[in-house]
>>> print(open('my_file.cif').read())   # mmCIF, C-alpha atoms
data_work
loop_
_atom_site.label_atom_id
_atom_site.label_comp_id
_atom_site.auth_asym_id
_atom_site.auth_seq_id
_atom_site.Cartn_x
_atom_site.Cartn_y
_atom_site.Cartn_z
CA MET A 1 12.62 -5.47 24.10
CA GLN A 2 10.57 -2.61 22.66
CA ARG A 3 8.17 -3.63 19.94
CA LYS A 4 8.86 -2.42 16.44
CA LYS A 5 6.01 -0.36 14.97
CA ILE A 6 4.93 -1.13 11.41
CA PHE A 7 2.74 1.60 9.90
CA CYS A 8 0.64 0.22 7.04
CA PHE A 9 -0.40 3.22 4.96
CA GLY A 10 -2.74 2.65 2.05
CA ASP A 11 -6.15 2.48 0.47
CA SER A 12 -9.00 -0.06 0.59
CA ASN A 13 -6.67 -3.01 0.05
CA THR A 14 -4.88 -2.03 3.26
CA TRP A 15 -8.16 -1.33 5.07
CA GLY A 16 -9.32 -4.80 4.07
CA CYS A 17 -12.30 -4.15 1.80
CA SER A 18 -14.01 -7.23 0.40
CA PRO A 19 -14.64 -6.88 -3.36
CA PHE A 20 -17.77 -9.00 -2.97
CA ASP A 21 -19.85 -6.88 -0.59
CA GLY A 22 -17.71 -3.95 0.59
CA SER A 23 -17.44 -5.28 4.13
CA ARG A 24 -14.17 -5.35 6.03
CA TYR A 25 -12.26 -8.61 6.31
CA ASP A 26 -11.56 -9.74 9.86
CA GLU A 27 -8.17 -9.72 11.55
CA SER A 28 -7.45 -13.31 10.60
CA THR A 29 -7.81 -12.38 6.92
CA ARG A 30 -6.64 -8.86 6.13
CA TRP A 31 -2.97 -8.72 5.28
CA PRO A 32 -1.60 -6.26 7.89
CA LYS A 33 -2.91 -8.41 10.75
CA VAL A 34 -1.84 -11.67 9.09
CA MET A 35 1.62 -10.16 8.76
CA GLU A 36 1.59 -9.09 12.40
CA SER A 37 0.62 -12.56 13.62
CA LEU A 38 3.46 -14.15 11.64
CA LEU A 39 6.10 -11.64 12.71
CA GLY A 40 5.32 -12.29 16.35
CA GLU A 41 5.18 -10.42 19.63
CA ASN A 42 8.08 -8.07 18.90
CA PHE A 43 6.03 -6.20 16.29
CA THR A 44 2.95 -3.98 16.45
CA VAL A 45 1.08 -3.24 13.23
CA ILE A 46 -0.78 0.06 12.83
CA GLU A 47 -3.45 -0.16 10.15
CA GLU A 48 -3.95 3.14 8.34
CA GLY A 49 -5.93 2.17 5.27
CA LEU A 50 -8.82 4.18 3.89
CA ASN A 51 -11.27 3.26 1.14
CA GLY A 52 -10.70 5.42 -1.91
CA ARG A 53 -7.47 7.00 -0.69
CA THR A 54 -5.23 8.31 -3.44
CA LEU A 55 -1.56 9.15 -3.39
CA LEU A 56 -2.04 12.60 -4.92
CA PRO A 57 -4.24 15.47 -3.67
CA ILE A 58 -6.87 14.89 -6.34
CA ASN A 59 -9.54 16.35 -4.05
CA PRO A 60 -7.77 18.92 -1.83
CA LEU A 61 -10.92 19.30 0.29
CA ASN A 62 -10.65 15.66 1.36
CA LYS A 63 -7.36 15.81 3.28
CA LYS A 64 -7.48 12.26 4.66
CA GLY A 65 -8.25 11.00 1.17
CA SER A 66 -4.77 11.90 -0.08
CA GLY A 67 -1.65 10.17 1.15
CA ILE A 68 0.49 13.24 0.57
CA LEU A 69 -1.88 15.56 2.42
CA CYS A 70 -2.58 13.40 5.48
CA ILE A 71 0.62 11.49 6.25
CA GLU A 72 1.74 13.89 8.99
CA GLU A 73 -1.67 13.93 10.71
CA VAL A 74 -2.43 10.20 10.62
CA SER A 75 1.04 9.14 11.75
CA ALA A 76 1.63 11.80 14.42
CA GLN A 77 0.50 9.79 17.45
CA TYR A 78 2.65 6.79 16.50
CA LEU A 79 6.00 8.48 15.83
CA PRO A 80 8.72 7.40 15.60
CA LEU A 81 7.97 4.53 13.23
CA ASP A 82 10.26 1.59 12.57
CA ILE A 83 8.73 0.36 9.31
CA VAL A 84 6.32 2.05 6.86
CA THR A 85 4.58 0.19 4.06
CA ILE A 86 3.04 2.30 1.27
CA TYR A 87 0.26 0.72 -0.77
CA LEU A 88 -1.11 3.59 -2.86
CA GLY A 89 -1.45 4.76 -6.44
CA SER A 90 -4.05 2.58 -8.10
CA ASN A 91 -7.00 4.81 -7.20
CA ASP A 92 -5.24 7.79 -8.76
CA LEU A 93 -5.04 6.01 -12.11
CA PHE A 94 -8.78 5.31 -12.19
CA ASP A 95 -9.70 8.92 -11.45
CA PRO A 96 -11.51 10.72 -14.31
CA SER A 97 -8.80 13.40 -14.27
CA GLU A 98 -6.52 10.90 -16.07
CA VAL A 99 -3.56 11.06 -13.72
CA SER A 100 -0.25 10.36 -15.45
CA LEU A 101 2.47 7.98 -14.33
CA ASP A 102 4.84 10.95 -14.16
CA SER A 103 2.52 12.58 -11.63
CA ILE A 104 2.43 9.37 -9.61
CA ALA A 105 6.24 9.28 -9.60
CA LEU A 106 6.46 12.85 -8.32
CA GLY A 107 3.85 12.08 -5.69
CA MET A 108 5.67 9.01 -4.42
CA HIS A 109 8.94 10.94 -4.20
CA SER A 110 7.12 13.60 -2.17
CA LEU A 111 5.48 11.08 0.17
CA ILE A 112 8.76 9.31 0.90
CA ARG A 113 10.44 12.64 1.61
CA LYS A 114 7.65 13.58 4.04
CA ILE A 115 7.95 10.27 5.90
CA LYS A 116 11.70 10.72 6.21
CA ASP A 117 11.29 14.33 7.37
CA LEU A 118 9.03 13.15 10.21
CA HIS A 119 12.00 11.29 11.70
CA VAL A 120 14.79 13.41 13.10
CA THR A 121 17.15 10.63 14.15
CA ALA A 122 16.72 7.00 13.07
CA GLN A 123 14.97 6.61 9.73
CA PRO A 124 12.24 3.99 9.30
CA VAL A 125 12.46 1.15 6.84
CA ILE A 126 10.17 2.21 3.97
CA ILE A 127 8.59 -0.41 1.69
CA ILE A 128 6.70 0.57 -1.46
CA ILE A 129 4.23 -2.16 -2.40
CA GLY A 130 3.60 -2.63 -6.11
CA PRO A 131 0.02 -3.50 -7.13
CA PRO A 132 -1.23 -7.08 -7.58
CA ALA A 133 -1.60 -8.59 -11.02
CA THR A 134 -5.00 -7.77 -12.52
CA ASP A 135 -7.45 -10.57 -13.22
CA LYS A 136 -9.23 -9.16 -16.28
CA ASN A 137 -11.97 -11.79 -16.24
CA PHE A 138 -14.81 -9.52 -15.17
CA ASP A 139 -17.63 -7.70 -16.93
CA GLY A 140 -16.54 -4.37 -18.32
CA ALA A 141 -12.81 -4.99 -18.04
CA ARG A 142 -12.30 -3.94 -21.66
CA PHE A 143 -13.52 -0.42 -20.81
CA PHE A 144 -10.64 -0.01 -18.35
CA GLU A 145 -7.84 -1.28 -20.57
CA LEU A 146 -5.88 1.99 -20.43
CA GLN A 147 -6.10 2.22 -16.65
CA ILE A 148 -5.24 -1.46 -16.17
CA ASN A 149 -2.15 -1.00 -18.32
CA LYS A 150 -1.14 2.01 -16.23
CA VAL A 151 -1.55 -0.01 -13.03
CA ALA A 152 0.66 -2.73 -14.50
CA ALA A 153 3.31 -0.05 -15.08
CA LEU A 154 3.26 1.00 -11.42
CA GLY A 155 5.40 -1.93 -10.31
CA PRO A 156 8.42 -1.11 -12.52
CA LEU A 157 7.94 2.59 -11.74
CA TYR A 158 7.93 1.97 -7.98
CA GLU A 159 10.94 -0.31 -8.22
CA LYS A 160 12.89 2.48 -9.92
CA ILE A 161 11.78 5.03 -7.31
CA ALA A 162 12.75 2.68 -4.48
CA GLU A 163 16.24 2.43 -5.91
CA GLU A 164 16.51 6.20 -6.34
CA LYS A 165 15.29 6.92 -2.80
CA SER A 166 17.19 4.07 -1.09
CA VAL A 167 14.00 2.39 0.14
CA TYR A 168 12.58 -1.09 -0.48
CA PHE A 169 10.21 -2.34 -3.16
CA PHE A 170 7.90 -5.32 -2.78
CA ASP A 171 6.34 -6.62 -6.00
CA ALA A 172 2.91 -7.93 -4.95
CA SER A 173 2.17 -9.06 -8.52
CA LEU A 174 4.62 -11.93 -8.07
CA PHE A 175 2.35 -13.45 -5.42
CA ILE A 176 -1.22 -12.17 -5.70
CA LYS A 177 -3.86 -11.03 -8.17
CA THR A 178 -7.13 -9.14 -8.01
CA ALA A 179 -10.34 -11.01 -7.35
CA GLY A 180 -11.80 -10.75 -10.86
CA ILE A 181 -14.65 -8.59 -9.55
CA ASP A 182 -13.16 -5.19 -10.34
CA CYS A 183 -9.81 -3.70 -11.32
CA SER A 184 -8.07 -3.50 -7.97
CA HIS A 185 -9.46 -5.37 -4.94
CA ILE A 186 -8.06 -8.64 -3.64
CA ASP A 187 -9.99 -11.46 -1.99
CA GLY A 188 -9.42 -13.05 1.40
CA GLU A 189 -7.03 -15.72 0.22
CA ASN A 190 -4.85 -13.15 -1.52
CA HIS A 191 -4.88 -10.99 1.62
CA ARG A 192 -3.49 -13.93 3.57
CA ILE A 193 -0.85 -14.62 0.92
CA LEU A 194 0.20 -10.97 0.90
CA GLY A 195 0.47 -10.90 4.70
CA ARG A 196 2.59 -14.04 4.69
CA GLU A 197 4.93 -12.84 1.95
CA LEU A 198 5.39 -9.40 3.48
CA ALA A 199 6.20 -11.00 6.84
CA ARG A 200 8.88 -13.04 5.10
CA PHE A 201 10.16 -9.96 3.25
CA ILE A 202 10.42 -7.89 6.43
CA THR A 203 12.14 -10.73 8.29
CA GLU A 204 14.74 -10.91 5.53
CA ILE A 205 15.29 -7.12 5.59
CA LEU A 206 15.86 -7.10 9.34
CA SER A 207 18.02 -10.20 9.49
#
>>> encode(input="my_file.cif", output="structure tokens")
Amino acid sequence: MQRKKIFCFGDSNTWGCSPFDGSRYDESTRWPKVMESLLGENFTVIEEGLNGRTLLPINPLNKKGSGILCIEEVSAQYLPLDIVTIYLGSNDLFDPSEVSLDSIALGMHSLIRKIKDLHVTAQPVIIIIGPPATDKNFDGARFFELQINKVAALGPLYEKIAEEKSVYFFDASLFIKTAGIDCSHIDGENHRILGRELARFITEILS
């Protein structure tokens, strides 16, 4: 039986960045590899996370830093894909350019269309991951109130887009929260929880 390829496309929370020291969590901790271990030998996970990656082309000169600009290049050697998880959008909302939720919605529609266009025959299962709940118990949180509120609105926005585009939505905020160090990063325990819950979610989709 040919292994199913799961392409995990995202930012630092997909790469596995520790909010405590910026190091990368090991394979027994970061969620894509935890998910892979639980799904078993019939699945291969491809980790394509990048620190600071945005959904939108906020800096057009940094092609790999934008999900929309780099999806074709970073996925090319792995095509066709069976499952694609998208964990992007939070970095856009903390950019000084004050990205709107409407812009995020347009960007997600575009990214999904690009992923589908890369597949001529069988389409991959696409899962949009909503952001974790934000633990606001950290110094300076009050200065990011607007951005934190926008991040909280991503989940409902992504759920609506998933319905419109006939893809799946996974609400991470039901299971995990940020580490209370900054506005977005999750700790090791929450990585493991996310990996476990996504493995369960994917198993249910494919059953």
>>> residues_around(input="my_file.cif", residues="Pro124 of chain A", least_positions_apart="6", cutoff="6 Å", atoms="only C-alpha atoms", output="list in words")
Leu81, Asp82 and Ile83 of chain A
>>> resolve_selection(input="my_file.cif", expression="the PyMOL selection byres ((chain A and resi 196) around 12)", output="PDB file with C-alpha atoms, in the coordinates of the input")
ATOM      1  CA  SER A  28      -7.450 -13.310  10.600  1.00  0.00           C
ATOM      2  CA  THR A  29      -7.810 -12.380   6.920  1.00  0.00           C
ATOM      3  CA  ARG A  30      -6.640  -8.860   6.130  1.00  0.00           C
ATOM      4  CA  TRP A  31      -2.970  -8.720   5.280  1.00  0.00           C
ATOM      5  CA  PRO A  32      -1.600  -6.260   7.890  1.00  0.00           C
ATOM      6  CA  LYS A  33      -2.910  -8.410  10.750  1.00  0.00           C
ATOM      7  CA  VAL A  34      -1.840 -11.670   9.090  1.00  0.00           C
ATOM      8  CA  MET A  35       1.620 -10.160   8.760  1.00  0.00           C
ATOM      9  CA  GLU A  36       1.590  -9.090  12.400  1.00  0.00           C
ATOM     10  CA  SER A  37       0.620 -12.560  13.620  1.00  0.00           C
ATOM     11  CA  LEU A  38       3.460 -14.150  11.640  1.00  0.00           C
ATOM     12  CA  LEU A  39       6.100 -11.640  12.710  1.00  0.00           C
ATOM     13  CA  ALA A 172       2.910  -7.930  -4.950  1.00  0.00           C
ATOM     14  CA  PHE A 175       2.350 -13.450  -5.420  1.00  0.00           C
ATOM     15  CA  ILE A 176      -1.220 -12.170  -5.700  1.00  0.00           C
ATOM     16  CA  GLU A 189      -7.030 -15.720   0.220  1.00  0.00           C
ATOM     17  CA  ASN A 190      -4.850 -13.150  -1.520  1.00  0.00           C
ATOM     18  CA  HIS A 191      -4.880 -10.990   1.620  1.00  0.00           C
ATOM     19  CA  ARG A 192      -3.490 -13.930   3.570  1.00  0.00           C
ATOM     20  CA  ILE A 193      -0.850 -14.620   0.920  1.00  0.00           C
ATOM     21  CA  LEU A 194       0.200 -10.970   0.900  1.00  0.00           C
ATOM     22  CA  GLY A 195       0.470 -10.900   4.700  1.00  0.00           C
ATOM     23  CA  GLU A 197       4.930 -12.840   1.950  1.00  0.00           C
ATOM     24  CA  LEU A 198       5.390  -9.400   3.480  1.00  0.00           C
ATOM     25  CA  ALA A 199       6.200 -11.000   6.840  1.00  0.00           C
ATOM     26  CA  ARG A 200       8.880 -13.040   5.100  1.00  0.00           C
ATOM     27  CA  PHE A 201      10.160  -9.960   3.250  1.00  0.00           C
ATOM     28  CA  ILE A 202      10.420  -7.890   6.430  1.00  0.00           C
ATOM     29  CA  THR A 203      12.140 -10.730   8.290  1.00  0.00           C
TER      30      THR A 203
END
>>> resolve_selection(input="my_file.cif", expression="the PyMOL selection byres ((chain A and resi 145-162) around 10)", output="JSON, numbers by chain")
{"A": [88, 89, 90, 91, 92, 93, 94, 95, 98, 99, 100, 101, 102, 104, 105, 106, 108, 109, 112, 126, 127, 128, 129, 130, 131, 132, 133, 134, 135, 136, 140, 141, 142, 143, 144, 163, 164, 165, 166, 167, 168, 169, 170, 171, 172, 173, 183, 184]}
>>> write_last_selection(input="my_file.cif", atoms="C-alpha atoms", output="tab-separated table (two decimals), in the frame of the given file")
chain	number	residue	atom	x	y	z
A	88	LEU	CA	-1.11	3.59	-2.86
A	89	GLY	CA	-1.45	4.76	-6.44
A	90	SER	CA	-4.05	2.58	-8.10
A	91	ASN	CA	-7.00	4.81	-7.20
A	92	ASP	CA	-5.24	7.79	-8.76
A	93	LEU	CA	-5.04	6.01	-12.11
A	94	PHE	CA	-8.78	5.31	-12.19
A	95	ASP	CA	-9.70	8.92	-11.45
A	98	GLU	CA	-6.52	10.90	-16.07
A	99	VAL	CA	-3.56	11.06	-13.72
A	100	SER	CA	-0.25	10.36	-15.45
A	101	LEU	CA	2.47	7.98	-14.33
A	102	ASP	CA	4.84	10.95	-14.16
A	104	ILE	CA	2.43	9.37	-9.61
A	105	ALA	CA	6.24	9.28	-9.60
A	106	LEU	CA	6.46	12.85	-8.32
A	108	MET	CA	5.67	9.01	-4.42
A	109	HIS	CA	8.94	10.94	-4.20
A	112	ILE	CA	8.76	9.31	0.90
A	126	ILE	CA	10.17	2.21	3.97
A	127	ILE	CA	8.59	-0.41	1.69
A	128	ILE	CA	6.70	0.57	-1.46
A	129	ILE	CA	4.23	-2.16	-2.40
A	130	GLY	CA	3.60	-2.63	-6.11
A	131	PRO	CA	0.02	-3.50	-7.13
A	132	PRO	CA	-1.23	-7.08	-7.58
A	133	ALA	CA	-1.60	-8.59	-11.02
A	134	THR	CA	-5.00	-7.77	-12.52
A	135	ASP	CA	-7.45	-10.57	-13.22
A	136	LYS	CA	-9.23	-9.16	-16.28
A	140	GLY	CA	-16.54	-4.37	-18.32
A	141	ALA	CA	-12.81	-4.99	-18.04
A	142	ARG	CA	-12.30	-3.94	-21.66
A	143	PHE	CA	-13.52	-0.42	-20.81
A	144	PHE	CA	-10.64	-0.01	-18.35
A	163	GLU	CA	16.24	2.43	-5.91
A	164	GLU	CA	16.51	6.20	-6.34
A	165	LYS	CA	15.29	6.92	-2.80
A	166	SER	CA	17.19	4.07	-1.09
A	167	VAL	CA	14.00	2.39	0.14
A	168	TYR	CA	12.58	-1.09	-0.48
A	169	PHE	CA	10.21	-2.34	-3.16
A	170	PHE	CA	7.90	-5.32	-2.78
A	171	ASP	CA	6.34	-6.62	-6.00
A	172	ALA	CA	2.91	-7.93	-4.95
A	173	SER	CA	2.17	-9.06	-8.52
A	183	CYS	CA	-9.81	-3.70	-11.32
A	184	SER	CA	-8.07	-3.50	-7.97
>>> atom_distance(input="my_file.cif", atom1="atom CA of Phe7 of chain A", atom2="atom CA of Tyr78 of chain A")
8.4 Å
>>> axis_aligned_box(input="my_file.cif", around="segment 110-119 of chain A", padding_each_side="3 Å", output="AutoDock Vina command-line options")
--center_x 8.7 --center_y 11.8 --center_z 4.8 --size_x 12.5 --size_y 11.0 --size_z 19.9
>>> resolve_selection(input="my_file.cif", expression="the PyMOL selection byres ((chain A and resi 51-57) around 8)", output="MDAnalysis selection string")
chainID A and resid 10:13 15 17 49:50 58:60 63:69 88:92 104 107:108
